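Shown here: structure21.pdb, PDB, C-alpha atoms.
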```pdb
ATOM      1  CA  MET A  51     -25.497  30.598  12.810
ATOM      2  CA  ALA A  52     -22.449  29.847  10.714
ATOM      3  CA  PRO A  53     -20.062  27.078  11.791
ATOM      4  CA  GLU A  54     -16.929  28.090  13.661
ATOM      5  CA  VAL A  55     -14.558  26.996  10.861
ATOM      6  CA  VAL A  56     -15.511  26.301   7.255
ATOM      7  CA  VAL A  57     -13.221  23.788   5.523
ATOM      8  CA  ILE A  58     -13.318  24.252   1.744
ATOM      9  CA  ASP A  59     -12.176  21.478  -0.593
ATOM     10  CA  CYS A  60     -10.647  23.544  -3.391
ATOM     11  CA  ALA A  61     -10.363  20.714  -5.941
ATOM     12  CA  GLY A  62     -12.051  21.671  -9.210
ATOM     13  CA  HIS A  63     -12.677  25.341  -8.324
ATOM     14  CA  MET A  64     -11.673  28.368 -10.406
ATOM     15  CA  LEU A  65      -8.986  30.435  -8.658
ATOM     16  CA  GLY A  66     -10.410  33.963  -8.950
ATOM     17  CA  ARG A  67     -14.000  33.060  -8.186
ATOM     18  CA  LEU A  68     -12.989  30.933  -5.213
ATOM     19  CA  ALA A  69     -10.720  33.688  -3.874
ATOM     20  CA  SER A  70     -13.388  36.380  -4.122
ATOM     21  CA  ILE A  71     -15.953  34.294  -2.242
ATOM     22  CA  ILE A  72     -13.431  33.365   0.454
ATOM     23  CA  ALA A  73     -12.341  37.023   0.789
ATOM     24  CA  LYS A  74     -15.924  38.130   1.349
ATOM     25  CA  GLN A  75     -16.473  35.428   3.987
ATOM     26  CA  LEU A  76     -13.263  36.455   5.774
ATOM     27  CA  LEU A  77     -14.350  40.090   5.861
ATOM     28  CA  HIS A  78     -17.666  39.007   7.394
ATOM     29  CA  GLY A  79     -15.777  37.308  10.237
ATOM     30  CA  GLN A  80     -15.881  33.673   9.121
ATOM     31  CA  LYS A  81     -12.838  31.466   9.736
ATOM     32  CA  VAL A  82     -11.943  29.610   6.539
ATOM     33  CA  VAL A  83      -9.540  26.730   5.878
ATOM     34  CA  ALA A  84      -8.776  25.839   2.242
ATOM     35  CA  VAL A  85      -7.505  22.302   1.573
ATOM     36  CA  ARG A  86      -6.316  20.563  -1.630
ATOM     37  CA  THR A  87      -5.206  23.881  -3.122
ATOM     38  CA  GLU A  88      -2.986  22.034  -5.612
ATOM     39  CA  LYS A  89      -6.162  21.007  -7.481
ATOM     40  CA  ILE A  90      -7.434  24.564  -8.104
ATOM     41  CA  CYS A  91      -8.017  25.434 -11.784
ATOM     42  CA  VAL A  92      -6.955  28.564 -13.636
ATOM     43  CA  SER A  93      -8.582  29.393 -16.968
ATOM     44  CA  GLY A  94      -6.267  29.663 -19.965
ATOM     45  CA  GLY A  95      -3.744  27.285 -21.467
ATOM     46  CA  PHE A  96      -0.687  25.980 -19.652
ATOM     47  CA  VAL A  97       1.904  27.836 -21.758
ATOM     48  CA  ARG A  98       0.058  31.151 -21.444
ATOM     49  CA  GLN A  99      -0.326  30.845 -17.671
ATOM     50  CA  LYS A 100       3.302  29.802 -17.216
ATOM     51  CA  MET A 101       4.524  32.792 -19.237
ATOM     52  CA  LYS A 102       2.257  35.093 -17.216
ATOM     53  CA  TYR A 103       3.671  33.745 -13.958
ATOM     54  CA  GLU A 104       7.246  34.012 -15.237
ATOM     55  CA  ARG A 105       6.647  37.693 -16.102
ATOM     56  CA  PHE A 106       5.241  38.177 -12.602
ATOM     57  CA  ARG A 107       8.299  36.500 -11.056
ATOM     58  CA  ARG A 108      10.650  38.857 -12.908
ATOM     59  CA  LYS A 109       9.177  41.880 -11.100
ATOM     60  CA  ARG A 110      11.467  42.667  -8.187
ATOM     61  CA  HIS A 111      12.982  45.402  -6.077
ATOM     62  CA  LEU A 112      15.632  47.143  -8.160
ATOM     63  CA  THR A 113      18.426  47.611  -5.637
ATOM     64  CA  ASN A 114      17.691  44.814  -3.160
ATOM     65  CA  PRO A 115      15.408  41.972  -4.319
ATOM     66  CA  LYS A 116      15.280  40.591  -0.758
ATOM     67  CA  LYS A 117      12.984  43.514   0.100
ATOM     68  CA  GLY A 118      10.242  42.133  -2.131
ATOM     69  CA  PRO A 119       7.918  41.576  -3.826
ATOM     70  CA  TYR A 120       7.871  37.920  -2.886
ATOM     71  CA  HIS A 121       6.710  35.450  -5.523
ATOM     72  CA  TYR A 122       5.420  32.284  -3.932
ATOM     73  CA  LYS A 123       5.549  28.977  -5.797
ATOM     74  CA  ALA A 124       3.360  26.829  -3.522
ATOM     75  CA  PRO A 125      -0.321  26.566  -4.552
ATOM     76  CA  SER A 126      -1.511  27.393  -1.029
ATOM     77  CA  LYS A 127       0.553  30.579  -1.023
ATOM     78  CA  ILE A 128      -0.652  31.533  -4.520
ATOM     79  CA  LEU A 129      -4.253  31.250  -3.265
ATOM     80  CA  TRP A 130      -3.326  33.212  -0.124
ATOM     81  CA  ARG A 131      -1.794  36.017  -2.182
ATOM     82  CA  THR A 132      -4.796  36.109  -4.530
ATOM     83  CA  ILE A 133      -7.091  36.509  -1.526
ATOM     84  CA  ARG A 134      -4.761  39.138  -0.020
ATOM     85  CA  GLY A 135      -5.256  41.200  -3.166
ATOM     86  CA  MET A 136      -9.022  41.143  -2.561
ATOM     87  CA  VAL A 137      -8.819  42.157   1.110
ATOM     88  CA  PRO A 138      -7.721  45.582   2.446
ATOM     89  CA  HIS A 139      -4.789  43.880   4.178
ATOM     90  CA  LYS A 140      -3.086  47.114   5.245
ATOM     91  CA  THR A 141      -5.957  48.053   7.548
ATOM     92  CA  HIS A 142      -6.628  46.463  10.925
ATOM     93  CA  ARG A 143      -9.886  44.962   9.628
ATOM     94  CA  GLY A 144      -8.154  43.410   6.616
ATOM     95  CA  ALA A 145      -5.250  42.060   8.662
ATOM     96  CA  GLU A 146      -7.722  40.435  11.061
ATOM     97  CA  ALA A 147      -9.582  38.939   8.094
ATOM     98  CA  LEU A 148      -6.391  37.457   6.616
ATOM     99  CA  GLY A 149      -5.545  36.070  10.051
ATOM    100  CA  ARG A 150      -8.747  34.019   9.892
ATOM    101  CA  PHE A 151      -7.575  32.223   6.721
ATOM    102  CA  GLN A 152      -5.431  29.111   6.362
ATOM    103  CA  SER A 153      -4.573  27.167   3.217
ATOM    104  CA  PHE A 154      -2.934  23.787   2.694
ATOM    105  CA  GLU A 155      -1.835  21.461  -0.079
ATOM    106  CA  GLY A 156      -3.512  18.105   0.455
ATOM    107  CA  ILE A 157      -5.671  17.570   3.529
ATOM    108  CA  PRO A 158      -3.594  17.676   6.732
ATOM    109  CA  ALA A 159      -4.423  15.770   9.908
ATOM    110  CA  PRO A 160      -6.922  17.936  11.791
ATOM    111  CA  TYR A 161      -9.060  18.582   8.709
ATOM    112  CA  ASP A 162      -9.146  15.102   7.158
ATOM    113  CA  LYS A 163     -11.908  14.078   9.575
ATOM    114  CA  THR A 164     -14.027  17.226   9.277
ATOM    115  CA  LYS A 165     -16.808  17.986   6.830
ATOM    116  CA  ARG A 166     -15.541  19.723   3.711
ATOM    117  CA  VAL A 167     -17.671  21.955   1.525
ATOM    118  CA  VAL A 168     -17.536  23.115  -2.091
ATOM    119  CA  ILE A 169     -18.594  26.460  -3.528
ATOM    120  CA  PRO A 170     -20.961  25.908  -6.481
ATOM    121  CA  ASP A 171     -20.449  29.472  -7.775
ATOM    122  CA  ALA A 172     -16.740  28.735  -8.252
ATOM    123  CA  LEU A 173     -16.798  25.164  -9.608
ATOM    124  CA  LYS A 174     -15.045  24.670 -12.949
ATOM    125  CA  VAL A 175     -17.724  22.353 -14.309
ATOM    126  CA  LEU A 176     -20.356  25.068 -13.795
ATOM    127  CA  ARG A 177     -18.295  28.136 -14.726
ATOM    128  CA  LEU A 178     -15.868  27.197 -17.511
ATOM    129  CA  GLN A 179     -17.394  26.325 -20.856
ATOM    130  CA  HIS A 180     -16.762  22.840 -22.182
ATOM    131  CA  GLY A 181     -13.659  22.659 -24.341
ATOM    132  CA  HIS A 182     -12.004  25.790 -22.943
ATOM    133  CA  LYS A 183      -8.431  25.440 -21.801
ATOM    134  CA  TYR A 184      -7.480  25.472 -18.144
ATOM    135  CA  VAL A 185      -4.463  24.576 -16.038
ATOM    136  CA  VAL A 186      -4.329  22.964 -12.597
ATOM    137  CA  LEU A 187      -2.478  25.129 -10.083
ATOM    138  CA  GLY A 188      -0.302  22.238  -8.847
ATOM    139  CA  ASP A 189       1.028  21.659 -12.384
ATOM    140  CA  LEU A 190       1.693  25.366 -12.844
ATOM    141  CA  SER A 191       3.479  25.553  -9.474
ATOM    142  CA  THR A 192       5.628  22.538 -10.351
ATOM    143  CA  ALA A 193       6.541  24.183 -13.661
ATOM    144  CA  VAL A 194       7.737  27.356 -11.910
ATOM    145  CA  GLY A 195       9.763  25.575  -9.249
ATOM    146  CA  TRP A 196       7.517  24.095  -6.508
ATOM    147  CA  LYS A 197       9.282  20.891  -5.412
ATOM    148  CA  TYR A 198       6.709  19.167  -3.213
ATOM    149  CA  GLY A 199       4.040  17.987  -5.660
ATOM    150  CA  SER A 200       5.114  14.347  -5.518
ATOM    151  CA  ALA A 201       5.335  14.410  -1.705
ATOM    152  CA  VAL A 202       1.795  15.806  -1.470
ATOM    153  CA  GLU A 203       0.537  13.124  -3.899
ATOM    154  CA  LYS A 204       2.115  10.395  -1.753
ATOM    155  CA  LEU A 205       0.582  11.782   1.443
ATOM    156  CA  GLU A 206      -2.812  12.121  -0.254
ATOM    157  CA  ALA A 207      -2.685   8.500  -1.446
ATOM    158  CA  ALA A 208      -2.006   7.358   2.131
ATOM    159  CA  ARG A 209      -4.864   9.528   3.439
ATOM    160  CA  LYS A 210      -7.282   8.134   0.852
ATOM    161  CA  GLU A 211      -6.269   4.590   1.783
ATOM    162  CA  ARG A 212      -6.934   5.292   5.481
ATOM    163  CA  SER A 213     -10.270   6.945   4.762
ATOM    164  CA  SER A 214     -11.423   4.120   2.468
ATOM    165  CA  SER A 215     -10.587   1.502   5.124
ATOM    166  CA  PHE A 216     -12.487   3.591   7.695
ATOM    167  CA  TRP A 217     -15.470   3.836   5.342
ATOM    168  CA  GLU A 218     -15.499   0.074   4.720
ATOM    169  CA  ALA A 219     -15.520  -0.594   8.492
ATOM    170  CA  LYS A 220     -18.284   1.963   9.018
ATOM    171  CA  LYS A 221     -20.328   0.484   6.165
ATOM    172  CA  ALA A 222     -19.995  -3.000   7.694
ATOM    173  CA  ASP A 223     -21.174  -1.643  11.067
ATOM    174  CA  LEU A 224     -24.158   0.050   9.421
ATOM    175  CA  ILE A 225     -25.143  -3.160   7.614
ATOM    176  CA  LYS A 226     -24.760  -5.137  10.852
ATOM    177  CA  ALA A 227     -26.921  -2.606  12.753
ATOM    178  CA  ARG A 228     -29.605  -2.759  10.067
ATOM    179  CA  LYS A 229     -30.056  -6.548  10.477
TER     180      LYS A 229
END
```
Step by step, read the file and then write its structure as structure tokens.
Amino acid sequence: MAPEVVVIDCAGHMLGRLASIIAKQLLHGQKVVAVRTEKICVSGGFVRQKMKYERFRRKRHLTNPKKGPYHYKAPSKILWRTIRGMVPHKTHRGAEALGRFQSFEGIPAPYDKTKRVVIPDALKVLRLQHGHKYVVLGDLSTAVGWKYGSAVEKLEAARKERSSSFWEAKKADLIKARK
């Protein structure tokens, strides 16, 4: 029996591989939450990926650009759109699957105390050969106009401080119980 919600720590994962695995899980009925999406990796150098994204951002509706397509700058929305491209989102089944997915930059409050998993088939250290260029999605997003990278870093530093103090207290309790 699969858990009700799977929380995936996206740090150090390759974007396409991660998205395809998440899309398949969503179509099977699994609820998935992706956290730390700003740490996702994309293969290829920074300049190449930035130029690719700039070309993508230039594509727009000819007479009224407000009608779409929408080009998101936030890493969580880039992951969401990548997954949307792998799901038949115009059918009822696909719309339900996308409804089961949430993505966040950093690790927000309800998920900072839950168990997070990684996907070995999508990890950069196992999939990208040593020495090959890659870019972190948060850096790419900042380069194309995402303004909240520093705010997310500050919130993450505070979360890590809280979790380390909790771990120290728990470790002291464990040592005390062992004696």
Can you list, as a list in words, the residues that the PyMOL selection byres ((chain A and resi 163-179) around 6) selects here?
->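 This file gives the following for the PyMOL selection byres ((chain A and resi 163-179) around 6): Val57, Ile58, Asp59, Gly62, His63, Met64, Arg67, Leu68, Tyr161, Asp162, His180 and His182 of chain A.
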What is the atom CA of A:Ala159 to atom CA of A:Val56 distance in Å?
->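 Computed distance, atom CA of A:Ala159 to atom CA of A:Val56, equals 15.5 Å.
The shortest atom-to-atom distance to A:Arg107, with all atoms listed in the file taken into account, belongs to A:Gly195 out of A:Leu205, A:Val55, A:Ala227, A:Gly195.
Residue neighbourhood of A:Ser213, excluding near-sequence residues (fewer than 3 positions): Ile157, Ala159, Asp162, Lys163, Thr164, Glu206, Ala207, Ala208, Arg209, Lys210, Phe216, Trp217, Glu218, Ala219 and Lys220 of chain A, at 12 Å, using all atoms listed in the file.
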Could you name the residues that touch A:Val137 at 12 Å or less, counting only C-alpha atoms, but leaving out those on the same chain fewer than 3 positions away, as an MDAnalysis selection string?
-> chainID A and resid 69:78 130:134 140:151
Just the selected residues (C-alpha atoms), exported as a compact mmCIF listing (two decimals), in the coordinates of the input, please.
```
# COMPACT_ATOMS: atom_id res chain seq x y z
CA ALA A 69 -10.72 33.69 -3.87
CA SER A 70 -13.39 36.38 -4.12
CA ILE A 71 -15.95 34.29 -2.24
CA ILE A 72 -13.43 33.36 0.45
CA ALA A 73 -12.34 37.02 0.79
CA LYS A 74 -15.92 38.13 1.35
CA GLN A 75 -16.47 35.43 3.99
CA LEU A 76 -13.26 36.46 5.77
CA LEU A 77 -14.35 40.09 5.86
CA HIS A 78 -17.67 39.01 7.39
CA TRP A 130 -3.33 33.21 -0.12
CA ARG A 131 -1.79 36.02 -2.18
CA THR A 132 -4.80 36.11 -4.53
CA ILE A 133 -7.09 36.51 -1.53
CA ARG A 134 -4.76 39.14 -0.02
CA LYS A 140 -3.09 47.11 5.24
CA THR A 141 -5.96 48.05 7.55
CA HIS A 142 -6.63 46.46 10.92
CA ARG A 143 -9.89 44.96 9.63
CA GLY A 144 -8.15 43.41 6.62
CA ALA A 145 -5.25 42.06 8.66
CA GLU A 146 -7.72 40.44 11.06
CA ALA A 147 -9.58 38.94 8.09
CA LEU A 148 -6.39 37.46 6.62
CA GLY A 149 -5.54 36.07 10.05
CA ARG A 150 -8.75 34.02 9.89
CA PHE A 151 -7.58 32.22 6.72
```
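For the atom pair formed by atom CA of A:Thr87 and atom CA of A:Ser153, the distance is 7.2 Å, given to one decimal.
What separates atom CA of A:Phe154 from atom CA of A:Tyr103 is a distance of 20.5 Å.
Restricting the calculation to only C-alpha atoms, the smallest distance between A:Val186 and any of A:Cys60, A:Gly66, A:Ser200, A:Val92 is found for A:Val92.
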Please provide the set of residues having any atom within 10 Å of A:Lys109, restricted to only C-alpha atoms, with same-chain residues fewer than 5 positions apart removed, written as a PyMOL selection string.
-> chain A and resi 104+115+118-121
Run the PyMOL selection byres ((chain A and resi 123) around 10) mentally over the shown coordinates, then write out the matched residues as a PyMOL selection string, using the chain letters and numbers from the document.
-> chain A and resi 103+107+120-122+124-128+187-188+190-197
